[in-house]
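Have a look at the structure below, then the notes.
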Amino acid sequence: MASGILKFFLPKDRVFYSLFEQASQNLEAIAGKLVQVVNESDFNKRASIIKEMEDLEHQNDHLTHEIFMELGKNFITPFDREDIHSLATSLDDVADYIYAAGKKINFYKVDPSDSGIQKMAVTINDAVLAVNAAVKELRNLKNTQKIVECVIKINSYENQADDIFDLSIEKLFDSDIDAKELIKKREIYQTMEIATDKCEDVGNVIESIVVKYA
């Protein structure tokens, strides 16, 4: 009986760690799919991978909703409710923009063999790996050094994406590409660059949590 009562009073805040980890693992999967998309020359095969990306993006929407539901039910949380809300929202934003990048490639019928698009996809993937590593460390806020290292990596990849974006746009305007194609590619670059901005947002929230609780 006593153990039953004890179980009842044990913090339910562990559920948040699990949901965040599922969301960040999903990001890793969706970013990996984007790398596959930009390296696939066949339109229909790309469409199949993009559909898998869509399913992963929907899963992240569901996880975000679950986090918000848990926030409504639990008055015990592992860190500030505001930070939980911000972290859930920023993780979801990353998924949205990665999926949008993949979707636009086929929607605009753009050949993704472009070096800027391919480099950007790799940089997004690298940033997401660092995001996932940082999220996993939230369970143990004692290891702040590892979290800080992950956040530095995320910021570094975001800077790399800015450089790739600038060089790609410069190359685009220097080429004799058709105006419609230029607009399409520019939008894909922008969407991909925003995905890394959103990774940086995740890093900023995690950094804020570390400062408050470590």
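Identifiers for the structure tokens are assigned positionally: chains receive A, B, ... in sequence, residues are indexed from 1 per chain, and ligands are indexed from 1 in the order shown.
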
Glu40 (chain A) environment, 12 Å, only C-alpha atoms, sequence neighbours closer than 4 positions dropped, as a count of residues only: 20

Pick from A:Phe165, A:Ser90, A:Asn140, A:Lys109: nearest to Lys180 (chain A), with only C-alpha atoms counted? A:Lys109

Give me the region 81-158 of chain A side of the contact with region 52-69 of chain A, cut-off 12 Å, one line per residue showing its nearest atom pair and distance in Å at one decimal, counting only C-alpha atoms, sorted by chain and residue number, as JSON lines.
```
{"residue": "A:Arg81", "atom": "CA", "partner": "A:Phe68", "partner_atom": "CA", "distance": 9.7}
{"residue": "A:Glu82", "atom": "CA", "partner": "A:Phe68", "partner_atom": "CA", "distance": 10.9}
{"residue": "A:Asp83", "atom": "CA", "partner": "A:Ile67", "partner_atom": "CA", "distance": 11.8}
{"residue": "A:Ile84", "atom": "CA", "partner": "A:Ile67", "partner_atom": "CA", "distance": 8.1}
{"residue": "A:His85", "atom": "CA", "partner": "A:Phe68", "partner_atom": "CA", "distance": 7.2}
{"residue": "A:Ser86", "atom": "CA", "partner": "A:Thr64", "partner_atom": "CA", "distance": 10.6}
{"residue": "A:Leu87", "atom": "CA", "partner": "A:Thr64", "partner_atom": "CA", "distance": 9.5}
{"residue": "A:Ala88", "atom": "CA", "partner": "A:Thr64", "partner_atom": "CA", "distance": 5.7}
{"residue": "A:Thr89", "atom": "CA", "partner": "A:Thr64", "partner_atom": "CA", "distance": 7.0}
{"residue": "A:Ser90", "atom": "CA", "partner": "A:Thr64", "partner_atom": "CA", "distance": 9.8}
{"residue": "A:Leu91", "atom": "CA", "partner": "A:Asn60", "partner_atom": "CA", "distance": 8.2}
{"residue": "A:Asp92", "atom": "CA", "partner": "A:Asn60", "partner_atom": "CA", "distance": 6.1}
{"residue": "A:Asp93", "atom": "CA", "partner": "A:Asn60", "partner_atom": "CA", "distance": 9.5}
{"residue": "A:Val94", "atom": "CA", "partner": "A:Glu57", "partner_atom": "CA", "distance": 9.5}
{"residue": "A:Ala95", "atom": "CA", "partner": "A:Glu57", "partner_atom": "CA", "distance": 5.7}
{"residue": "A:Asp96", "atom": "CA", "partner": "A:Glu57", "partner_atom": "CA", "distance": 6.4}
{"residue": "A:Tyr97", "atom": "CA", "partner": "A:Glu57", "partner_atom": "CA", "distance": 9.5}
{"residue": "A:Ile98", "atom": "CA", "partner": "A:Met53", "partner_atom": "CA", "distance": 8.5}
{"residue": "A:Tyr99", "atom": "CA", "partner": "A:Met53", "partner_atom": "CA", "distance": 5.9}
{"residue": "A:Ala100", "atom": "CA", "partner": "A:Glu54", "partner_atom": "CA", "distance": 9.0}
{"residue": "A:Ala101", "atom": "CA", "partner": "A:Met53", "partner_atom": "CA", "distance": 10.3}
{"residue": "A:Gly102", "atom": "CA", "partner": "A:Met53", "partner_atom": "CA", "distance": 7.9}
{"residue": "A:Lys103", "atom": "CA", "partner": "A:Glu54", "partner_atom": "CA", "distance": 8.5}
```

Could you write those residues out with N, CA and C atoms, as a PDB file, in the first residue's frame?
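Saved to selection.pdb:
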```pdb
ATOM      1  N   ARG A  81       7.692  25.932 -17.115  1.00  0.00           N
ATOM      2  CA  ARG A  81       6.639  25.606 -18.080  1.00  0.00           C
ATOM      3  C   ARG A  81       6.872  26.377 -19.389  1.00  0.00           C
ATOM      4  N   GLU A  82       7.322  27.604 -19.243  1.00  0.00           N
ATOM      5  CA  GLU A  82       7.584  28.458 -20.411  1.00  0.00           C
ATOM      6  C   GLU A  82       8.685  27.845 -21.286  1.00  0.00           C
ATOM      7  N   ASP A  83       9.732  27.294 -20.621  1.00  0.00           N
ATOM      8  CA  ASP A  83      10.827  26.662 -21.360  1.00  0.00           C
ATOM      9  C   ASP A  83      10.365  25.369 -22.035  1.00  0.00           C
ATOM     10  N   ILE A  84       9.500  24.626 -21.358  1.00  0.00           N
ATOM     11  CA  ILE A  84       8.954  23.386 -21.941  1.00  0.00           C
ATOM     12  C   ILE A  84       8.158  23.729 -23.197  1.00  0.00           C
ATOM     13  N   HIS A  85       7.341  24.772 -23.098  1.00  0.00           N
ATOM     14  CA  HIS A  85       6.527  25.218 -24.234  1.00  0.00           C
ATOM     15  C   HIS A  85       7.427  25.665 -25.390  1.00  0.00           C
ATOM     16  N   SER A  86       8.457  26.467 -25.070  1.00  0.00           N
ATOM     17  CA  SER A  86       9.378  26.980 -26.105  1.00  0.00           C
ATOM     18  C   SER A  86      10.159  25.859 -26.773  1.00  0.00           C
ATOM     19  N   LEU A  87      10.607  24.883 -25.969  1.00  0.00           N
ATOM     20  CA  LEU A  87      11.389  23.773 -26.515  1.00  0.00           C
ATOM     21  C   LEU A  87      10.527  22.915 -27.446  1.00  0.00           C
ATOM     22  N   ALA A  88       9.302  22.623 -27.015  1.00  0.00           N
ATOM     23  CA  ALA A  88       8.382  21.823 -27.845  1.00  0.00           C
ATOM     24  C   ALA A  88       8.089  22.534 -29.166  1.00  0.00           C
ATOM     25  N   THR A  89       7.820  23.828 -29.079  1.00  0.00           N
ATOM     26  CA  THR A  89       7.489  24.613 -30.272  1.00  0.00           C
ATOM     27  C   THR A  89       8.671  24.698 -31.228  1.00  0.00           C
ATOM     28  N   SER A  90       9.872  24.935 -30.675  1.00  0.00           N
ATOM     29  CA  SER A  90      11.044  25.084 -31.558  1.00  0.00           C
ATOM     30  C   SER A  90      11.439  23.758 -32.211  1.00  0.00           C
ATOM     31  N   LEU A  91      11.294  22.640 -31.492  1.00  0.00           N
ATOM     32  CA  LEU A  91      11.559  21.321 -32.100  1.00  0.00           C
ATOM     33  C   LEU A  91      10.577  21.056 -33.243  1.00  0.00           C
ATOM     34  N   ASP A  92       9.324  21.429 -33.025  1.00  0.00           N
ATOM     35  CA  ASP A  92       8.298  21.244 -34.056  1.00  0.00           C
ATOM     36  C   ASP A  92       8.588  22.120 -35.275  1.00  0.00           C
ATOM     37  N   ASP A  93       9.074  23.331 -35.034  1.00  0.00           N
ATOM     38  CA  ASP A  93       9.415  24.244 -36.140  1.00  0.00           C
ATOM     39  C   ASP A  93      10.515  23.657 -37.021  1.00  0.00           C
ATOM     40  N   VAL A  94      11.504  23.022 -36.387  1.00  0.00           N
ATOM     41  CA  VAL A  94      12.603  22.404 -37.154  1.00  0.00           C
ATOM     42  C   VAL A  94      12.025  21.346 -38.103  1.00  0.00           C
ATOM     43  N   ALA A  95      11.146  20.486 -37.568  1.00  0.00           N
ATOM     44  CA  ALA A  95      10.523  19.433 -38.383  1.00  0.00           C
ATOM     45  C   ALA A  95       9.741  20.035 -39.543  1.00  0.00           C
ATOM     46  N   ASP A  96       8.988  21.104 -39.260  1.00  0.00           N
ATOM     47  CA  ASP A  96       8.166  21.759 -40.290  1.00  0.00           C
ATOM     48  C   ASP A  96       9.012  22.248 -41.457  1.00  0.00           C
ATOM     49  N   TYR A  97      10.129  22.915 -41.138  1.00  0.00           N
ATOM     50  CA  TYR A  97      10.951  23.507 -42.198  1.00  0.00           C
ATOM     51  C   TYR A  97      11.760  22.467 -42.972  1.00  0.00           C
ATOM     52  N   ILE A  98      12.188  21.401 -42.283  1.00  0.00           N
ATOM     53  CA  ILE A  98      12.909  20.336 -43.005  1.00  0.00           C
ATOM     54  C   ILE A  98      11.957  19.660 -43.984  1.00  0.00           C
ATOM     55  N   TYR A  99      10.747  19.363 -43.522  1.00  0.00           N
ATOM     56  CA  TYR A  99       9.753  18.740 -44.405  1.00  0.00           C
ATOM     57  C   TYR A  99       9.411  19.676 -45.566  1.00  0.00           C
ATOM     58  N   ALA A 100       9.231  20.978 -45.253  1.00  0.00           N
ATOM     59  CA  ALA A 100       8.884  21.965 -46.290  1.00  0.00           C
ATOM     60  C   ALA A 100       9.963  22.013 -47.378  1.00  0.00           C
ATOM     61  N   ALA A 101      11.232  21.898 -46.971  1.00  0.00           N
ATOM     62  CA  ALA A 101      12.333  21.921 -47.945  1.00  0.00           C
ATOM     63  C   ALA A 101      12.233  20.733 -48.902  1.00  0.00           C
ATOM     64  N   GLY A 102      12.001  19.543 -48.341  1.00  0.00           N
ATOM     65  CA  GLY A 102      11.859  18.349 -49.173  1.00  0.00           C
ATOM     66  C   GLY A 102      10.665  18.453 -50.111  1.00  0.00           C
ATOM     67  N   LYS A 103       9.563  18.925 -49.574  1.00  0.00           N
ATOM     68  CA  LYS A 103       8.313  19.049 -50.334  1.00  0.00           C
ATOM     69  C   LYS A 103       8.465  20.021 -51.512  1.00  0.00           C
TER      70      LYS A 103
END
```

Long-range neighbours of Lys171 (chain A) as an MDAnalysis selection string, 12 Å cut-off, only C-alpha atoms, 5 positions minimum in chain: chainID A and resid 114:116 164:166 176:177 182 185:186

Can you spit out the residues from that selection as a PDB file, in the first residue's frame, using N, CA and C atoms?
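Resulting contents of part11.pdb:
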```
ATOM      1  N   ASP A 114      21.985  20.262 -57.340  1.00  0.00           N
ATOM      2  CA  ASP A 114      22.649  21.552 -57.097  1.00  0.00           C
ATOM      3  C   ASP A 114      23.521  21.456 -55.837  1.00  0.00           C
ATOM      4  N   SER A 115      24.774  21.918 -55.923  1.00  0.00           N
ATOM      5  CA  SER A 115      25.712  21.748 -54.805  1.00  0.00           C
ATOM      6  C   SER A 115      25.264  22.504 -53.551  1.00  0.00           C
ATOM      7  N   GLY A 116      24.648  23.681 -53.735  1.00  0.00           N
ATOM      8  CA  GLY A 116      24.162  24.463 -52.587  1.00  0.00           C
ATOM      9  C   GLY A 116      23.081  23.725 -51.821  1.00  0.00           C
ATOM     10  N   ILE A 164      26.697  29.095 -46.799  1.00  0.00           N
ATOM     11  CA  ILE A 164      26.275  28.315 -47.982  1.00  0.00           C
ATOM     12  C   ILE A 164      25.157  29.061 -48.708  1.00  0.00           C
ATOM     13  N   PHE A 165      24.222  29.615 -47.938  1.00  0.00           N
ATOM     14  CA  PHE A 165      23.097  30.369 -48.513  1.00  0.00           C
ATOM     15  C   PHE A 165      23.622  31.559 -49.322  1.00  0.00           C
ATOM     16  N   ASP A 166      24.505  32.362 -48.722  1.00  0.00           N
ATOM     17  CA  ASP A 166      25.041  33.559 -49.392  1.00  0.00           C
ATOM     18  C   ASP A 166      25.778  33.194 -50.683  1.00  0.00           C
ATOM     19  N   ASP A 176      23.220  32.046 -65.810  1.00  0.00           N
ATOM     20  CA  ASP A 176      22.233  32.493 -66.806  1.00  0.00           C
ATOM     21  C   ASP A 176      20.941  31.675 -66.664  1.00  0.00           C
ATOM     22  N   ILE A 177      20.639  31.295 -65.414  1.00  0.00           N
ATOM     23  CA  ILE A 177      19.445  30.487 -65.115  1.00  0.00           C
ATOM     24  C   ILE A 177      18.168  31.270 -65.442  1.00  0.00           C
ATOM     25  N   LEU A 182      15.299  30.461 -60.940  1.00  0.00           N
ATOM     26  CA  LEU A 182      16.025  31.223 -59.928  1.00  0.00           C
ATOM     27  C   LEU A 182      15.152  31.432 -58.684  1.00  0.00           C
ATOM     28  N   LYS A 185      14.650  28.035 -56.792  1.00  0.00           N
ATOM     29  CA  LYS A 185      15.843  27.604 -56.041  1.00  0.00           C
ATOM     30  C   LYS A 185      16.080  28.511 -54.839  1.00  0.00           C
ATOM     31  N   ARG A 186      15.890  29.808 -55.033  1.00  0.00           N
ATOM     32  CA  ARG A 186      16.106  30.764 -53.950  1.00  0.00           C
ATOM     33  C   ARG A 186      15.175  30.428 -52.768  1.00  0.00           C
TER      34      ARG A 186
END
```
